[in-house]
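Trainee: For reference, this is work05.pdb, and it has PDB, C-alpha atoms.
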```
ATOM      1  CA  MET A  46     103.022  82.799 111.328
ATOM      2  CA  ASP A  47      99.600  81.163 111.445
ATOM      3  CA  TRP A  48      97.513  80.388 108.393
ATOM      4  CA  ILE A  49      95.198  83.384 108.615
ATOM      5  CA  GLN A  50      98.125  85.759 109.088
ATOM      6  CA  THR A  51      99.781  84.253 106.003
ATOM      7  CA  ALA A  52      96.539  84.736 104.049
ATOM      8  CA  LEU A  53      96.400  88.363 105.196
ATOM      9  CA  HIS A  54     100.060  88.821 104.249
ATOM     10  CA  GLU A  55      99.345  87.357 100.801
ATOM     11  CA  TYR A  56      96.459  89.817 100.348
ATOM     12  CA  GLY A  57      98.860  92.695 101.077
ATOM     13  CA  GLN A  58     101.376  91.354  98.604
ATOM     14  CA  ILE A  59      98.746  90.972  95.874
ATOM     15  CA  ALA A  60      97.639  94.563  96.515
ATOM     16  CA  SER A  61     101.270  95.648  96.249
ATOM     17  CA  LEU A  62     101.562  93.702  92.990
ATOM     18  CA  CYS A  63      98.527  95.591  91.646
ATOM     19  CA  ASN A  64     100.183  98.886  92.546
ATOM     20  CA  ALA A  65     103.466  97.860  90.891
ATOM     21  CA  GLN A  66     101.524  96.796  87.810
ATOM     22  CA  SER A  67      99.682 100.129  87.599
ATOM     23  CA  THR A  68     102.862 102.132  88.126
ATOM     24  CA  LEU A  69     104.678 100.146  85.469
ATOM     25  CA  SER A  70     101.801 100.522  83.036
ATOM     26  CA  ASN A  71     101.600 104.292  83.623
ATOM     27  CA  THR A  72     105.348 104.632  83.083
ATOM     28  CA  VAL A  73     105.103 102.697  79.828
ATOM     29  CA  MET A  74     102.285 104.939  78.649
ATOM     30  CA  SER A  75     104.108 108.151  79.543
ATOM     31  CA  SER A  76     107.452 107.053  78.124
ATOM     32  CA  SER A  77     105.969 105.825  74.855
ATOM     33  CA  SER A  78     103.910 108.996  74.388
ATOM     34  CA  SER A  79     106.804 111.316  75.242
ATOM     35  CA  SER A  80     109.310 109.522  73.022
ATOM     36  CA  THR A  81     106.958 109.581  70.050
ATOM     37  CA  SER A  82     105.899 113.178  70.618
ATOM     38  CA  THR A  83     109.449 114.510  70.935
ATOM     39  CA  GLY A  84     110.834 112.573  67.983
ATOM     40  CA  ILE A  85     114.112 111.787  69.722
ATOM     41  CA  HIS A  86     117.033 111.398  67.358
ATOM     42  CA  ASP A  87     120.650 110.842  68.243
ATOM     43  CA  ASN A  88     122.265 114.131  67.302
ATOM     44  CA  GLY A  89     125.521 113.452  69.137
ATOM     45  CA  ASN A  90     124.733 115.837  71.995
ATOM     46  CA  ASP A  91     124.897 113.921  75.307
ATOM     47  CA  LEU A  92     123.425 116.893  77.170
ATOM     48  CA  ASP A  93     120.329 117.122  75.034
ATOM     49  CA  PRO A  94     117.426 117.470  77.533
ATOM     50  CA  LYS A  95     115.149 115.294  75.412
ATOM     51  CA  LYS A  96     117.744 112.536  75.250
ATOM     52  CA  LEU A  97     118.458 112.774  78.984
ATOM     53  CA  SER A  98     114.750 112.651  79.752
ATOM     54  CA  ALA A  99     114.333 109.553  77.593
ATOM     55  CA  GLN A 100     117.275 107.878  79.338
ATOM     56  CA  LEU A 101     115.809 108.657  82.763
ATOM     57  CA  GLN A 102     112.436 107.286  81.700
ATOM     58  CA  GLN A 103     114.113 104.139  80.397
ATOM     59  CA  GLN A 104     115.996 103.704  83.688
ATOM     60  CA  SER A 105     112.789 104.257  85.660
ATOM     61  CA  LEU A 106     111.001 101.721  83.494
ATOM     62  CA  GLN A 107     113.724  99.132  84.107
ATOM     63  CA  GLU A 108     113.615  99.734  87.870
ATOM     64  CA  GLN A 109     109.840  99.414  87.939
ATOM     65  CA  LEU A 110     109.983  96.237  85.864
ATOM     66  CA  ALA A 111     112.510  94.761  88.313
ATOM     67  CA  ASN A 112     110.201  95.731  91.200
ATOM     68  CA  TYR A 113     107.253  94.147  89.375
ATOM     69  CA  TYR A 114     109.143  90.853  89.080
ATOM     70  CA  LYS A 115     110.032  91.019  92.794
ATOM     71  CA  GLU A 116     106.357  91.508  93.647
ATOM     72  CA  ILE A 117     105.379  88.520  91.492
ATOM     73  CA  ASP A 118     108.003  86.370  93.203
ATOM     74  CA  ALA A 119     106.850  87.456  96.682
ATOM     75  CA  VAL A 120     103.229  86.549  95.868
ATOM     76  CA  ARG A 121     104.316  83.200  94.444
ATOM     77  CA  LYS A 122     106.339  82.328  97.565
ATOM     78  CA  THR A 123     103.616  83.352 100.002
ATOM     79  CA  HIS A 124     100.939  81.491  98.049
ATOM     80  CA  SER A 125     103.116  78.383  98.097
ATOM     81  CA  SER A 126     103.551  78.783 101.854
ATOM     82  CA  LEU A 127      99.783  79.056 102.247
ATOM     83  CA  LYS A 128      99.297  75.793 100.376
ATOM     84  CA  LYS A 129     101.993  74.056 102.431
ATOM     85  CA  GLN A 130     100.329  75.205 105.645
ATOM     86  CA  LEU A 131      96.991  73.798 104.459
ATOM     87  CA  ILE A 132      98.641  70.466 103.670
ATOM     88  CA  SER A 133     100.166  70.476 107.141
ATOM     89  CA  ILE A 134      96.741  71.071 108.712
ATOM     90  CA  GLN A 135      95.300  68.225 106.633
ATOM     91  CA  GLU A 136      98.148  65.871 107.610
ATOM     92  CA  ASN A 137      97.779  66.731 111.297
ATOM     93  CA  ASP A 138      94.061  66.087 111.049
ATOM     94  CA  ASN A 139      94.706  62.707 109.408
ATOM     95  CA  LYS A 140      97.265  61.741 112.092
ATOM     96  CA  THR A 141      94.899  62.433 114.947
ATOM     97  CA  CYS A 142      92.172  60.318 113.302
ATOM     98  CA  LYS A 143      89.509  61.650 115.628
ATOM     99  CA  ASP A 144      86.009  60.318 115.309
ATOM    100  CA  THR A 145      84.797  63.906 115.248
ATOM    101  CA  ASP A 146      85.557  65.725 112.049
ATOM    102  CA  SER A 147      86.200  69.039 113.773
ATOM    103  CA  ASN A 148      88.780  70.291 111.264
ATOM    104  CA  ILE A 149      86.784  69.495 108.129
ATOM    105  CA  PRO A 150      84.959  72.870 108.013
ATOM    106  CA  LYS A 151      88.268  74.654 108.650
ATOM    107  CA  ILE A 152      90.083  72.694 105.929
ATOM    108  CA  GLU A 153      87.245  73.295 103.451
ATOM    109  CA  ALA A 154      87.170  77.015 104.233
ATOM    110  CA  PHE A 155      90.947  77.336 103.840
ATOM    111  CA  SER A 156      90.863  75.306 100.624
ATOM    112  CA  ASN A 157      88.106  77.556  99.230
ATOM    113  CA  HIS A 158      90.161  80.607 100.172
ATOM    114  CA  ILE A 159      93.181  79.243  98.299
ATOM    115  CA  GLN A 160      91.034  78.677  95.212
ATOM    116  CA  LEU A 161      89.729  82.250  95.455
ATOM    117  CA  SER A 162      93.264  83.520  95.925
ATOM    118  CA  GLU A 163      94.388  81.740  92.763
ATOM    119  CA  ARG A 164      91.500  83.249  90.790
ATOM    120  CA  VAL A 165      92.389  86.721  92.097
ATOM    121  CA  ILE A 166      96.041  86.260  91.140
ATOM    122  CA  ARG A 167      95.031  85.177  87.619
ATOM    123  CA  THR A 168      92.717  88.186  87.390
ATOM    124  CA  VAL A 169      95.402  90.607  88.535
ATOM    125  CA  MET A 170      97.891  89.103  86.107
ATOM    126  CA  MET A 171      95.224  89.433  83.348
ATOM    127  CA  GLN A 172      95.709  85.834  82.293
ATOM    128  CA  THR A 173      93.195  84.637  79.803
ATOM    129  CA  SER A 174      93.582  82.187  76.987
ATOM    130  CA  THR A 175      94.814  84.943  74.662
ATOM    131  CA  GLU A 176      96.850  87.107  77.062
ATOM    132  CA  CYS A 177     100.011  86.529  79.022
ATOM    133  CA  GLY A 178      99.793  89.038  81.865
ATOM    134  CA  ILE A 179     101.095  92.563  81.678
ATOM    135  CA  LEU A 180     103.901  91.485  79.350
ATOM    136  CA  TYR A 181     103.486  90.674  75.687
ATOM    137  CA  ALA A 182     105.095  87.458  74.448
ATOM    138  CA  ASN A 183     108.048  89.496  73.138
ATOM    139  CA  GLY A 184     108.705  90.949  76.617
ATOM    140  CA  LEU A 185     107.292  94.423  75.986
ATOM    141  CA  VAL A 186     105.021  95.834  78.666
ATOM    142  CA  ARG A 187     101.372  96.244  77.765
ATOM    143  CA  SER A 188      99.408  99.080  79.299
ATOM    144  CA  THR A 189      96.515  98.309  81.613
ATOM    145  CA  SER A 190      93.182 100.002  81.228
ATOM    146  CA  ALA A 191      91.039 101.727  83.822
ATOM    147  CA  ASP A 192      88.660  98.776  83.526
ATOM    148  CA  GLN A 193      91.434  96.361  84.524
ATOM    149  CA  HIS A 194      92.221  98.544  87.539
ATOM    150  CA  GLU A 195      88.568  98.424  88.633
ATOM    151  CA  ILE A 196      88.494  94.652  88.130
ATOM    152  CA  ASN A 197      91.590  94.327  90.321
ATOM    153  CA  ILE A 198      89.932  96.388  93.059
ATOM    154  CA  VAL A 199      86.864  94.139  93.054
ATOM    155  CA  ALA A 200      89.032  91.005  93.088
ATOM    156  CA  LEU A 201      91.089  92.368  96.003
ATOM    157  CA  ALA A 202      87.912  93.237  97.907
ATOM    158  CA  ALA A 203      86.656  89.663  97.506
ATOM    159  CA  LEU A 204      89.975  88.277  98.742
ATOM    160  CA  ARG A 205      90.010  90.630 101.732
ATOM    161  CA  ALA A 206      86.448  89.622 102.608
ATOM    162  CA  SER A 207      87.469  85.966 102.492
ATOM    163  CA  VAL A 208      90.369  86.595 104.894
ATOM    164  CA  SER A 209      88.033  88.500 107.223
ATOM    165  CA  GLN A 210      85.546  85.633 107.212
ATOM    166  CA  LEU A 211      88.300  83.126 108.010
ATOM    167  CA  LYS A 212      89.530  85.329 110.819
ATOM    168  CA  GLU A 213      86.013  85.654 112.213
ATOM    169  CA  LYS A 214      85.302  81.909 112.065
ATOM    170  CA  PHE A 215      88.672  80.408 112.929
ATOM    171  CA  GLY A 216      90.846  83.228 114.275
ATOM    172  CA  ASP A 217      90.498  82.227 117.932
ATOM    173  CA  SER A 218      91.151  78.530 117.317
ATOM    174  CA  GLU A 219      94.593  78.983 115.734
TER
END
```
The structure in this file should be written as structure tokens.

Mentor:
Amino acid sequence: MDWIQTALHEYGQIASLCNAQSTLSNTVMSSSSSSTSTGIHDNGNDLDPKKLSAQLQQQSLQEQLANYYKEIDAVRKTHSSLKKQLISIQENDNKTCKDTDSNIPKIEAFSNHIQLSERVIRTVMMQTSTECGILYANGLVRSTSADQHEINIVALAALRASVSQLKEKFGDSE
């Protein structure tokens, strides 16, 4: 897979991570509101519809959390592959030691894309100095706001535009 295709693949994975994050957040919101509104108590009845519903929501939440972690891992692996491919391009350029610096614009463009990609990933994971992503420090899932969803969309659009620019400039030379 060439570098631009890997960058495009990473964009798709980050978009998928955003979707998993939104789904997980929505499930957390619905399960916390339904469990507090129904006042579930263990009354010894295993066929209690409220108890069964809470168990299904808990199972769904666990499945979505597992999917969320898989999405994070996929993004991490692809981003690492992207960086390794850039290093390989840089090493090949250094080995050829041409008098013309034909790969310098390409290397700079790819390096800038990687930096943008890292900023987008941090944005999607909501990492600031006071936050630790969608999970609180104790492991509970925090809900995302509509504002965070809009921020993710803008960040994804910037990343997609960067991939398109790379493809336009360097797509034929790969």

Trainee: Find the residue from A:Glu213, A:Arg167, A:Glu116, A:Lys140 that sits nearest to Asn64 (chain A); use all atoms listed in the file when measuring.

Mentor: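 Between A:Glu213, A:Arg167, A:Glu116, A:Lys140, the residue approaching Asn64 (chain A) most closely is A:Glu116.
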
Trainee: Which is closer to Val73 (chain A) than all the others in A:Gln107, A:Asn137, A:Gln193, A:Gln50, using only C-alpha atoms?

Mentor: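 With only C-alpha atoms as the atom set, the closest residue is A:Gln107.
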
Trainee: If we count all atoms listed in the file, what is near Ile198 (chain A) at a cut-off of 10 Å, once residues fewer than 4 positions away on the same chain are taken out, given as a ChimeraX atom specification?

Mentor: /A:60,63,169,192-194,202-204

Trainee: Check what the PyMOL selection byres ((chain A and resi 106) around 10) selects in the file above and give those residues as a list in words.

Mentor: Thr68, Leu69, Ser70, Asn71, Thr72, Val73, Ser76, Gln100, Leu101, Gln102, Gln103, Gln104, Ser105, Gln107, Glu108, Gln109, Leu110, Ala111, Asn112 and Val186 of chain A

Trainee: What lies within 10 Å of His54 (chain A) using only C-alpha atoms, ignoring chain neighbours under 6 positions off, as a list of chain:residue names?

Mentor: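 Once the adjacent positions are removed, what remains is A:Met46, A:Trp48, A:Ala60, A:Val120, A:Thr123, A:His124, A:Leu127, A:Val208.
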
Trainee: Which protein, DNA or RNA residues are at most 12 Å from (90.6, 86.9, 109.5) in the file's coordinates when you count only C-alpha atoms, listed as an MDAnalysis selection string?

Mentor: chainID A and resid 47:54 56 154:155 158 204:219

Trainee: Residues near Leu62 (chain A), anyone? I mean within 7 Å using all atoms listed in the file, not counting same-chain ones fewer than 4 positions away, as a PyMOL selection string.

Mentor: chain A and resi 58+66+113+116-117

Trainee: Suppose you want the space between CA of Ser67 (chain A) and CA of Ile196 (chain A); what is it in Å?

Mentor: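 Those two atoms sit 12.5 Å apart.
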
Trainee: So that all listed atoms of region 108-126 of chain A fit with 5 Å spare on each side, what axis-aligned box centre and edge lengths in Å, to one decimal, would you give as AutoDock Vina command-line options?

Mentor:
```
--center_x 107.3 --center_y 89.1 --center_z 93.9 --size_x 22.7 --size_y 31.4 --size_z 26.0
```

Trainee: Between A:Glu153, A:Ile166, A:Ala191, A:Ile159, which has the minimum distance to Lys129 (chain A) (counting all atoms listed in the file)?

Mentor: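 Of A:Glu153, A:Ile166, A:Ala191, A:Ile159, the one nearest Lys129 (chain A) is A:Ile159, counting all atoms listed in the file.
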
Trainee: Can you measure CA of Asn197 (chain A) to CA of Tyr114 (chain A) for me? One decimal in Å is fine.

Mentor: 17.9 Å
